[in-house]
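S.K.: Below is a structure I'd like to ask you about.
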Amino acid sequence: MPSLIDRYDPLDPEVLRNPYPVLAELRLSEPVFWHEGMGSWTLTRYADCVRVLRDHATFARDARRTGGTVPEPSLSVQTLDPPQQSQIRSLFMTALRAQDLTGLEERACHLARERLGELAGAGAFDVMAEIAVPLSVAVVSDLLGVEAPPYEEFAAVSDAIMRSMDGGLNPTLVEPGRVARQQLSDLVDYWFTASSRPGLLTQVRQAVSPDSDALARLYVKNTARVVFQGGYSTMAAAVGNAVQTLLGHPGALEQMRNPALLATGVDELVRFDGPVQGTTRIAVRSCRIGDAVIEAGQKVIPLFAAANHDPAAFSRVDELVLDRSPNRHLGYGWGPHSCIGTTVAQAGLRALVAALNDHPARLTAAGDSVRRRTATMRAFDTLPVLLG
């Protein structure tokens, strides 16, 4: 009989439906294991994951540090390592903190209420197409200060980029992802030239000197693309996962009418079933993690999904604990490579939960949901519900 490691396939339908039982088994039997399909060491313990994410000297995000290459369109805050990354990330985080995030959340709540009002009593609808996609595109566009692109067109571009993250498992996904990134890069180039609305993009553009070298300007534009795409895809996936979790936990939504539980509860929704399942690093030098010897040049995957259900880091891991605090989950990554749009994604989730609580109709499941066949991002293709 094949071993548990051999049987672990992140794209298996049963694993996509619920990865946490098999990840718990792996954490107990082989917390650090080599996965042939992914060509990498895989980590399931919270402490090991955080160690790798913190230790930039030993574990590189930038493949060039180990003799690899990174295509120019991918050179951004997400692929650079400190200290090279620090100035770009600081530029974007400073611009983010300067935005009116309270106003953004209020506008997101207004939009969510409008959408729910339109959908109530109209029969079954798909949460992803009717709520997650338009709300996420609108919120991230609001943050950047740009006109929102057509929802369906952008969702298709984002989907190709998201699926290309699994290129190691399926190389045919790489080229469509490259084409989609170029399409989004062209849109960002247009925004840099034409958009003058108040927002993060205008502030970043104003902070970049015209005398800056071409590479610095490239990093900034690529990072703007990553903020838009990453913020959108992470929020859209988180919305679907959160709604599914709320459907399975009657009473949780009502409890989050309490403002104190709204903030911690939304954070717990992300820990419980987060959007980002893991990330990749490359060992710069030989090292040891647990009983495994990692050779220089080998890939290491910290599995956020496993770490967020590690009983050594969280009590009552398989329960939805709305007042969990502290809650240092890895749902959006960790440290300098965590998603810059985390704050905005959380604001969008809070806005949706508040809008659902304000609406007189009750949300119920309306059929079988379908998980997206992706390993890096945990999301739904369809999530049918009724509001009435």
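Residue numbers start at 1 in each chain; chains themselves are named A, B, ... in the order of the structure tokens; ligands are numbered from 1 in the order shown.
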Excluding same-chain residues fewer than 4 positions from range 300-303 of chain A, what lies within 8 Å of it counting only C-alpha atoms, as a list in words?
M.R.: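 The residues that qualify are Ser40, Trp41, Thr42, Leu43, Thr44, Asp48, Cys49, Val52, Leu53, Gln277, Gly278, Thr279, Thr280, Arg281, Ile282, Ala283 and Ala307 of chain A.
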S.K.: Any idea what the distance is between CA of Cys287 in chain A and CA of Pro31 in chain A?
M.R.: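 These atoms are spaced 16.1 Å apart.
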S.K.: For Arg97 in chain A, find every residue with an atom within 12 Å (counting only C-alpha atoms), except residues of its own chain fewer than 6 positions away, and show them as a list in words.
M.R.: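 Counting only C-alpha atoms, the residues come to Ser90, Leu91, Leu143, Gly199, Leu200, Gln203, Val204, Ile340, Gly341, Thr343 and Val344 of chain A.
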S.K.: With C-alpha atoms retained, write the just-selected residues as a PDB file, in the first residue's frame.
M.R.:
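Output file part29.pdb is given in full below:
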```
ATOM      1  CA  SER A  90       8.427  50.363   2.589  1.00  0.00           C
ATOM      2  CA  LEU A  91       7.240  52.624  -0.248  1.00  0.00           C
ATOM      3  CA  LEU A 143      -7.493  51.187  -2.812  1.00  0.00           C
ATOM      4  CA  GLY A 199      -5.215  56.453  -4.057  1.00  0.00           C
ATOM      5  CA  LEU A 200      -2.255  54.230  -3.403  1.00  0.00           C
ATOM      6  CA  GLN A 203       0.940  58.266  -4.024  1.00  0.00           C
ATOM      7  CA  VAL A 204       3.467  55.640  -5.051  1.00  0.00           C
ATOM      8  CA  ILE A 340       0.533  43.756   1.069  1.00  0.00           C
ATOM      9  CA  GLY A 341      -3.225  43.725   0.564  1.00  0.00           C
ATOM     10  CA  THR A 343      -5.350  44.905   5.551  1.00  0.00           C
ATOM     11  CA  VAL A 344      -7.659  45.594   2.619  1.00  0.00           C
TER      12      VAL A 344
END
```
S.K.: Which residue is closest to Arg217 in chain A? Choose from A:Ile88, A:Met256, A:Ala312, A:Leu119 and count only C-alpha atoms.
M.R.: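 Of the candidates, the smallest distance to Arg217 in chain A is held by A:Ile88.
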S.K.: Which range 326-346 of chain A residues have any atom within 10 Å of an atom of range 69-77 of chain A, and for each, what is the nearest pair of atoms with distance in Å to one decimal, counting only C-alpha atoms, rows sorted by chain and number, as JSON lines?
M.R.:
```
{"residue": "A:Pro336", "atom": "CA", "partner": "A:Val77", "partner_atom": "CA", "distance": 8.4}
{"residue": "A:His337", "atom": "CA", "partner": "A:Val77", "partner_atom": "CA", "distance": 7.2}
{"residue": "A:Ser338", "atom": "CA", "partner": "A:Val77", "partner_atom": "CA", "distance": 9.7}
{"residue": "A:Cys339", "atom": "CA", "partner": "A:Val77", "partner_atom": "CA", "distance": 9.6}
{"residue": "A:Ile340", "atom": "CA", "partner": "A:Val77", "partner_atom": "CA", "distance": 9.1}
```
S.K.: Using backbone DSSP assignments, extract all helix (DSSP H, G or I) residues from range 133-332 of chain A; output them as a compact mmCIF listing (two decimals) with N, CA and C atoms, in the first residue's frame.
M.R.:
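Result file follows (result_4.txt):
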```txt
# COMPACT_ATOMS: atom_id res chain seq x y z
N VAL A 133 -16.16 38.10 -6.68
CA VAL A 133 -15.44 38.77 -7.77
C VAL A 133 -15.72 40.27 -7.82
N PRO A 134 -17.00 40.71 -7.92
CA PRO A 134 -17.22 42.16 -8.01
C PRO A 134 -16.78 42.94 -6.78
N LEU A 135 -17.01 42.36 -5.59
CA LEU A 135 -16.61 43.07 -4.37
C LEU A 135 -15.09 43.21 -4.30
N SER A 136 -14.36 42.15 -4.63
CA SER A 136 -12.90 42.18 -4.54
C SER A 136 -12.29 43.11 -5.57
N VAL A 137 -12.79 43.07 -6.81
CA VAL A 137 -12.29 43.99 -7.85
C VAL A 137 -12.55 45.43 -7.43
N ALA A 138 -13.75 45.70 -6.92
CA ALA A 138 -14.12 47.06 -6.55
C ALA A 138 -13.26 47.57 -5.39
N VAL A 139 -13.05 46.74 -4.38
CA VAL A 139 -12.29 47.16 -3.20
C VAL A 139 -10.83 47.43 -3.55
N VAL A 140 -10.21 46.55 -4.31
CA VAL A 140 -8.79 46.75 -4.66
C VAL A 140 -8.64 47.92 -5.62
N SER A 141 -9.58 48.11 -6.53
CA SER A 141 -9.53 49.29 -7.42
C SER A 141 -9.68 50.57 -6.61
N ASP A 142 -10.56 50.55 -5.62
CA ASP A 142 -10.74 51.69 -4.73
C ASP A 142 -9.44 52.01 -4.01
N LEU A 143 -8.76 50.98 -3.51
CA LEU A 143 -7.49 51.19 -2.81
C LEU A 143 -6.47 51.85 -3.73
N LEU A 144 -6.33 51.33 -4.95
CA LEU A 144 -5.31 51.87 -5.85
C LEU A 144 -5.71 53.22 -6.43
N TYR A 151 -15.45 43.06 -14.58
CA TYR A 151 -15.27 41.98 -13.61
C TYR A 151 -14.92 40.65 -14.26
N GLU A 152 -15.72 40.23 -15.25
CA GLU A 152 -15.52 38.91 -15.83
C GLU A 152 -14.18 38.80 -16.56
N GLU A 153 -13.82 39.87 -17.28
CA GLU A 153 -12.55 39.85 -18.01
C GLU A 153 -11.38 39.76 -17.05
N PHE A 154 -11.43 40.56 -15.98
CA PHE A 154 -10.32 40.53 -15.05
C PHE A 154 -10.27 39.21 -14.30
N ALA A 155 -11.43 38.65 -13.96
CA ALA A 155 -11.45 37.36 -13.26
C ALA A 155 -10.76 36.29 -14.09
N ALA A 156 -10.94 36.33 -15.42
CA ALA A 156 -10.30 35.34 -16.29
C ALA A 156 -8.78 35.52 -16.30
N VAL A 157 -8.32 36.77 -16.34
CA VAL A 157 -6.88 37.06 -16.30
C VAL A 157 -6.30 36.60 -14.96
N SER A 158 -6.97 36.95 -13.89
CA SER A 158 -6.50 36.57 -12.56
C SER A 158 -6.46 35.06 -12.40
N ASP A 159 -7.46 34.38 -12.94
CA ASP A 159 -7.52 32.92 -12.82
C ASP A 159 -6.32 32.28 -13.49
N ALA A 160 -5.92 32.79 -14.66
CA ALA A 160 -4.75 32.24 -15.36
C ALA A 160 -3.48 32.46 -14.55
N ILE A 161 -3.36 33.63 -13.92
CA ILE A 161 -2.19 33.91 -13.09
C ILE A 161 -2.19 33.00 -11.87
N MET A 162 -3.35 32.86 -11.23
CA MET A 162 -3.46 32.03 -10.04
C MET A 162 -3.09 30.57 -10.35
N ARG A 163 -3.62 30.06 -11.46
CA ARG A 163 -3.35 28.67 -11.81
C ARG A 163 -1.88 28.45 -12.15
N SER A 164 -1.21 29.47 -12.69
CA SER A 164 0.20 29.31 -13.06
C SER A 164 1.10 29.16 -11.83
N PRO A 171 3.13 21.95 -15.83
CA PRO A 171 3.87 22.96 -16.61
C PRO A 171 3.04 23.64 -17.69
N THR A 172 1.94 23.04 -18.13
CA THR A 172 1.12 23.66 -19.18
C THR A 172 0.45 24.94 -18.69
N LEU A 173 0.45 25.18 -17.38
CA LEU A 173 -0.19 26.37 -16.82
C LEU A 173 0.73 27.60 -16.89
N VAL A 174 2.01 27.37 -17.14
CA VAL A 174 2.99 28.46 -17.04
C VAL A 174 2.79 29.51 -18.13
N GLU A 175 2.67 29.09 -19.39
CA GLU A 175 2.57 30.05 -20.49
C GLU A 175 1.29 30.88 -20.42
N PRO A 176 0.08 30.29 -20.17
CA PRO A 176 -1.10 31.14 -20.00
C PRO A 176 -0.93 32.15 -18.87
N GLY A 177 -0.23 31.75 -17.81
CA GLY A 177 0.01 32.69 -16.72
C GLY A 177 0.92 33.83 -17.14
N ARG A 178 1.92 33.52 -17.96
CA ARG A 178 2.83 34.57 -18.44
C ARG A 178 2.08 35.58 -19.30
N VAL A 179 1.22 35.07 -20.18
CA VAL A 179 0.43 35.95 -21.05
C VAL A 179 -0.50 36.83 -20.21
N ALA A 180 -1.13 36.24 -19.20
CA ALA A 180 -2.04 36.99 -18.34
C ALA A 180 -1.30 38.07 -17.55
N ARG A 181 -0.11 37.75 -17.07
CA ARG A 181 0.69 38.77 -16.34
C ARG A 181 1.03 39.93 -17.25
N GLN A 182 1.33 39.63 -18.51
CA GLN A 182 1.64 40.71 -19.45
C GLN A 182 0.42 41.58 -19.70
N GLN A 183 -0.75 40.95 -19.81
CA GLN A 183 -1.99 41.73 -19.98
C GLN A 183 -2.21 42.66 -18.80
N LEU A 184 -2.00 42.14 -17.60
CA LEU A 184 -2.19 42.97 -16.41
C LEU A 184 -1.10 44.03 -16.31
N SER A 185 0.13 43.70 -16.71
CA SER A 185 1.20 44.69 -16.72
C SER A 185 0.87 45.85 -17.66
N ASP A 186 0.30 45.54 -18.82
CA ASP A 186 -0.10 46.58 -19.77
C ASP A 186 -1.16 47.49 -19.14
N LEU A 187 -2.09 46.90 -18.40
CA LEU A 187 -3.12 47.70 -17.74
C LEU A 187 -2.50 48.61 -16.68
N VAL A 188 -1.54 48.08 -15.92
CA VAL A 188 -0.86 48.89 -14.90
C VAL A 188 -0.07 50.01 -15.55
N ASP A 189 0.58 49.74 -16.67
CA ASP A 189 1.30 50.80 -17.40
C ASP A 189 0.33 51.92 -17.78
N TYR A 190 -0.85 51.55 -18.23
CA TYR A 190 -1.86 52.55 -18.58
C TYR A 190 -2.27 53.35 -17.35
N TRP A 191 -2.48 52.68 -16.23
CA TRP A 191 -2.86 53.37 -15.00
C TRP A 191 -1.78 54.37 -14.57
N PHE A 192 -0.52 53.97 -14.69
CA PHE A 192 0.57 54.86 -14.29
C PHE A 192 0.59 56.12 -15.14
N THR A 193 0.17 55.98 -16.39
CA THR A 193 0.18 57.12 -17.30
C THR A 193 -1.08 57.97 -17.18
N ALA A 194 -2.24 57.29 -17.05
CA ALA A 194 -3.51 58.00 -17.20
C ALA A 194 -4.25 58.30 -15.91
N LEU A 200 -3.59 54.76 -3.63
CA LEU A 200 -2.25 54.23 -3.40
C LEU A 200 -1.37 54.39 -4.63
N LEU A 201 -1.91 54.16 -5.81
CA LEU A 201 -1.09 54.22 -7.03
C LEU A 201 -0.54 55.62 -7.27
N THR A 202 -1.39 56.63 -7.12
CA THR A 202 -0.93 58.01 -7.32
C THR A 202 0.14 58.37 -6.30
N GLN A 203 -0.05 57.95 -5.05
CA GLN A 203 0.94 58.27 -4.02
C GLN A 203 2.28 57.59 -4.30
N VAL A 204 2.23 56.35 -4.73
CA VAL A 204 3.47 55.64 -5.05
C VAL A 204 4.16 56.29 -6.24
N ARG A 205 3.37 56.63 -7.26
CA ARG A 205 3.95 57.25 -8.45
C ARG A 205 4.61 58.58 -8.11
N GLN A 206 3.98 59.36 -7.24
CA GLN A 206 4.54 60.64 -6.85
C GLN A 206 5.82 60.49 -6.03
N ALA A 207 5.92 59.36 -5.32
CA ALA A 207 7.10 59.14 -4.48
C ALA A 207 8.31 58.64 -5.27
N ALA A 214 15.83 52.67 -14.26
CA ALA A 214 14.77 51.89 -14.91
C ALA A 214 14.39 50.65 -14.11
N LEU A 215 15.37 50.03 -13.44
CA LEU A 215 15.09 48.83 -12.66
C LEU A 215 14.18 49.15 -11.48
N ALA A 216 14.43 50.27 -10.81
CA ALA A 216 13.58 50.67 -9.68
C ALA A 216 12.15 50.93 -10.14
N ARG A 217 12.01 51.60 -11.29
CA ARG A 217 10.66 51.86 -11.83
C ARG A 217 9.97 50.55 -12.19
N LEU A 218 10.74 49.59 -12.72
CA LEU A 218 10.18 48.29 -13.06
C LEU A 218 9.68 47.58 -11.81
N TYR A 219 10.48 47.62 -10.73
CA TYR A 219 10.07 46.99 -9.48
C TYR A 219 8.76 47.59 -8.98
N VAL A 220 8.64 48.91 -9.07
CA VAL A 220 7.44 49.59 -8.56
C VAL A 220 6.22 49.20 -9.39
N LYS A 221 6.34 49.23 -10.71
CA LYS A 221 5.20 48.87 -11.56
C LYS A 221 4.80 47.41 -11.37
N ASN A 222 5.80 46.53 -11.29
CA ASN A 222 5.48 45.12 -11.09
C ASN A 222 4.82 44.90 -9.73
N THR A 223 5.26 45.64 -8.73
CA THR A 223 4.66 45.51 -7.40
C THR A 223 3.24 46.03 -7.40
N ALA A 224 2.97 47.10 -8.15
CA ALA A 224 1.59 47.59 -8.27
C ALA A 224 0.70 46.51 -8.89
N ARG A 225 1.24 45.80 -9.87
CA ARG A 225 0.47 44.71 -10.48
C ARG A 225 0.22 43.61 -9.45
N VAL A 226 1.24 43.28 -8.67
CA VAL A 226 1.12 42.23 -7.66
C VAL A 226 0.10 42.63 -6.59
N VAL A 227 0.10 43.91 -6.19
CA VAL A 227 -0.86 44.38 -5.19
C VAL A 227 -2.28 44.22 -5.73
N PHE A 228 -2.49 44.60 -6.99
CA PHE A 228 -3.83 44.49 -7.57
C PHE A 228 -4.25 43.03 -7.70
N GLN A 229 -3.42 42.23 -8.35
CA GLN A 229 -3.74 40.83 -8.58
C GLN A 229 -3.80 40.05 -7.26
N GLY A 230 -2.76 40.23 -6.42
CA GLY A 230 -2.71 39.48 -5.17
C GLY A 230 -3.82 39.89 -4.22
N GLY A 231 -4.08 41.20 -4.15
CA GLY A 231 -5.16 41.67 -3.28
C GLY A 231 -6.50 41.13 -3.73
N TYR A 232 -6.74 41.17 -5.04
CA TYR A 232 -8.01 40.68 -5.58
C TYR A 232 -8.15 39.17 -5.36
N SER A 233 -7.17 38.39 -5.80
CA SER A 233 -7.31 36.93 -5.76
C SER A 233 -7.39 36.42 -4.32
N THR A 234 -6.61 37.03 -3.43
CA THR A 234 -6.64 36.61 -2.03
C THR A 234 -7.99 36.93 -1.40
N MET A 235 -8.49 38.13 -1.67
CA MET A 235 -9.78 38.52 -1.09
C MET A 235 -10.92 37.69 -1.65
N ALA A 236 -10.92 37.48 -2.97
CA ALA A 236 -12.00 36.69 -3.58
C ALA A 236 -12.02 35.27 -3.04
N ALA A 237 -10.84 34.66 -2.90
CA ALA A 237 -10.77 33.31 -2.34
C ALA A 237 -11.21 33.31 -0.88
N ALA A 238 -10.77 34.32 -0.12
CA ALA A 238 -11.13 34.40 1.29
C ALA A 238 -12.63 34.58 1.48
N VAL A 239 -13.27 35.35 0.60
CA VAL A 239 -14.72 35.55 0.69
C VAL A 239 -15.45 34.22 0.53
N GLY A 240 -15.08 33.45 -0.50
CA GLY A 240 -15.73 32.16 -0.71
C GLY A 240 -15.52 31.22 0.47
N ASN A 241 -14.28 31.12 0.95
CA ASN A 241 -13.99 30.24 2.07
C ASN A 241 -14.75 30.66 3.32
N ALA A 242 -14.81 31.99 3.56
CA ALA A 242 -15.50 32.50 4.74
C ALA A 242 -17.00 32.20 4.68
N VAL A 243 -17.60 32.41 3.52
CA VAL A 243 -19.04 32.14 3.39
C VAL A 243 -19.33 30.67 3.62
N GLN A 244 -18.49 29.79 3.05
CA GLN A 244 -18.68 28.35 3.24
C GLN A 244 -18.55 27.99 4.73
N THR A 245 -17.59 28.58 5.40
CA THR A 245 -17.40 28.30 6.84
C THR A 245 -18.61 28.78 7.63
N LEU A 246 -19.12 29.96 7.31
CA LEU A 246 -20.29 30.49 8.02
C LEU A 246 -21.52 29.62 7.78
N LEU A 247 -21.66 29.09 6.57
CA LEU A 247 -22.79 28.21 6.27
C LEU A 247 -22.72 26.94 7.13
N ALA A 252 -22.58 31.60 13.99
CA ALA A 252 -21.33 32.38 13.98
C ALA A 252 -21.54 33.77 13.42
N LEU A 253 -22.34 33.86 12.34
CA LEU A 253 -22.59 35.16 11.72
C LEU A 253 -23.29 36.09 12.71
N GLU A 254 -24.30 35.57 13.37
CA GLU A 254 -25.04 36.37 14.35
C GLU A 254 -24.14 36.85 15.47
N GLN A 255 -23.22 36.00 15.92
CA GLN A 255 -22.30 36.39 17.00
C GLN A 255 -21.42 37.56 16.59
N PRO A 259 -19.31 44.07 17.69
CA PRO A 259 -18.14 44.67 17.03
C PRO A 259 -16.81 44.08 17.50
N ALA A 260 -16.73 43.69 18.76
CA ALA A 260 -15.49 43.11 19.26
C ALA A 260 -15.20 41.77 18.59
N LEU A 261 -16.27 41.00 18.30
CA LEU A 261 -16.09 39.70 17.66
C LEU A 261 -15.95 39.80 16.15
N LEU A 262 -16.36 40.93 15.57
CA LEU A 262 -16.25 41.09 14.12
C LEU A 262 -14.79 41.03 13.69
N ALA A 263 -13.94 41.79 14.36
CA ALA A 263 -12.52 41.85 13.98
C ALA A 263 -11.83 40.52 14.23
N THR A 264 -11.95 39.98 15.43
CA THR A 264 -11.28 38.71 15.73
C THR A 264 -11.91 37.56 14.97
N GLY A 265 -13.23 37.64 14.75
CA GLY A 265 -13.93 36.58 14.04
C GLY A 265 -13.51 36.47 12.59
N VAL A 266 -13.36 37.60 11.92
CA VAL A 266 -12.91 37.59 10.53
C VAL A 266 -11.49 37.03 10.44
N ASP A 267 -10.64 37.39 11.38
CA ASP A 267 -9.29 36.84 11.43
C ASP A 267 -9.33 35.32 11.60
N GLU A 268 -10.24 34.86 12.45
CA GLU A 268 -10.36 33.43 12.70
C GLU A 268 -10.89 32.69 11.48
N LEU A 269 -11.77 33.32 10.71
CA LEU A 269 -12.25 32.70 9.48
C LEU A 269 -11.09 32.40 8.54
N VAL A 270 -10.12 33.31 8.50
CA VAL A 270 -8.96 33.12 7.62
C VAL A 270 -8.06 32.02 8.16
N ARG A 271 -7.87 31.96 9.47
CA ARG A 271 -7.06 30.87 10.04
C ARG A 271 -7.73 29.52 9.78
N PHE A 272 -9.04 29.48 9.98
CA PHE A 272 -9.78 28.23 9.91
C PHE A 272 -9.73 27.62 8.52
N PHE A 304 1.05 26.64 4.78
CA PHE A 304 0.29 27.48 5.70
C PHE A 304 -0.96 26.76 6.21
N ALA A 305 -1.60 26.01 5.33
CA ALA A 305 -2.83 25.31 5.72
C ALA A 305 -2.57 24.36 6.88
N ALA A 306 -1.43 23.67 6.84
CA ALA A 306 -1.08 22.76 7.94
C ALA A 306 -0.68 23.54 9.19
N ALA A 307 0.11 24.59 9.00
CA ALA A 307 0.58 25.38 10.13
C ALA A 307 -0.58 26.00 10.90
```
S.K.: Could you work out how far CA of Ala47 in chain A lies from CA of Ala379 in chain A, giving the answer in Å with one decimal?
M.R.: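 Between CA of Ala379 in chain A and CA of Ala47 in chain A the gap works out to 25.3 Å.
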S.K.: Smallest atom-to-atom distance to Asp55 in chain A: which of A:Glu36, A:Asp81, A:Glu30, A:Asp323, using only C-alpha atoms?
M.R.: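 The closest residue to Asp55 in chain A is A:Asp81.
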S.K.: Rounded to one decimal in Å, what is the spacing between CA of Arg27 in chain A and CA of Arg45 in chain A?
M.R.: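 Between these atoms lies a distance of 6.4 Å.
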S.K.: Which residues of range 79-196 of chain A come within 8 Å of range 345-351 of chain A, and for each one, what is the closest pair of atoms and their distance in Å to one decimal, counting only C-alpha atoms, sorted by chain and residue number, as CSV?
M.R.:
```
residue,atom,partner,partner_atom,distance
A:Leu101,CA,A:Ala347,CA,7.9
A:Leu104,CA,A:Ala347,CA,8.0
A:Glu105,CA,A:Ala347,CA,5.5
A:Glu106,CA,A:Ala351,CA,7.1
A:Ala108,CA,A:Ala351,CA,5.9
A:Cys109,CA,A:Ala351,CA,4.3
A:Ala112,CA,A:Ala351,CA,7.1
A:Leu135,CA,A:Gly348,CA,7.7
A:Ser136,CA,A:Gly348,CA,7.3
A:Val139,CA,A:Gly348,CA,6.9
```
S.K.: Got a sec: who's within 8 Å of Asp381 in chain A, counting only C-alpha atoms, leaving out chain neighbours fewer than 4 positions off, as a ChimeraX atom specification?
M.R.: /A:128,369-372
S.K.: Determine, using only C-alpha atoms, which residues of range 91-202 of chain A have any atom at most 12 Å from an atom of range 10-14 of chain A, and tabulate each with its shortest atom pair and distance in Å to one decimal place, rows ordered by chain and then rising number, as a tab-separated table.
M.R.:
```
residue	atom	partner	partner_atom	distance
A:Arg163	CA	A:Leu11	CA	11.8
A:Asp166	CA	A:Leu11	CA	9.9
A:Leu169	CA	A:Leu11	CA	9.1
A:Asn170	CA	A:Leu11	CA	10.6
```
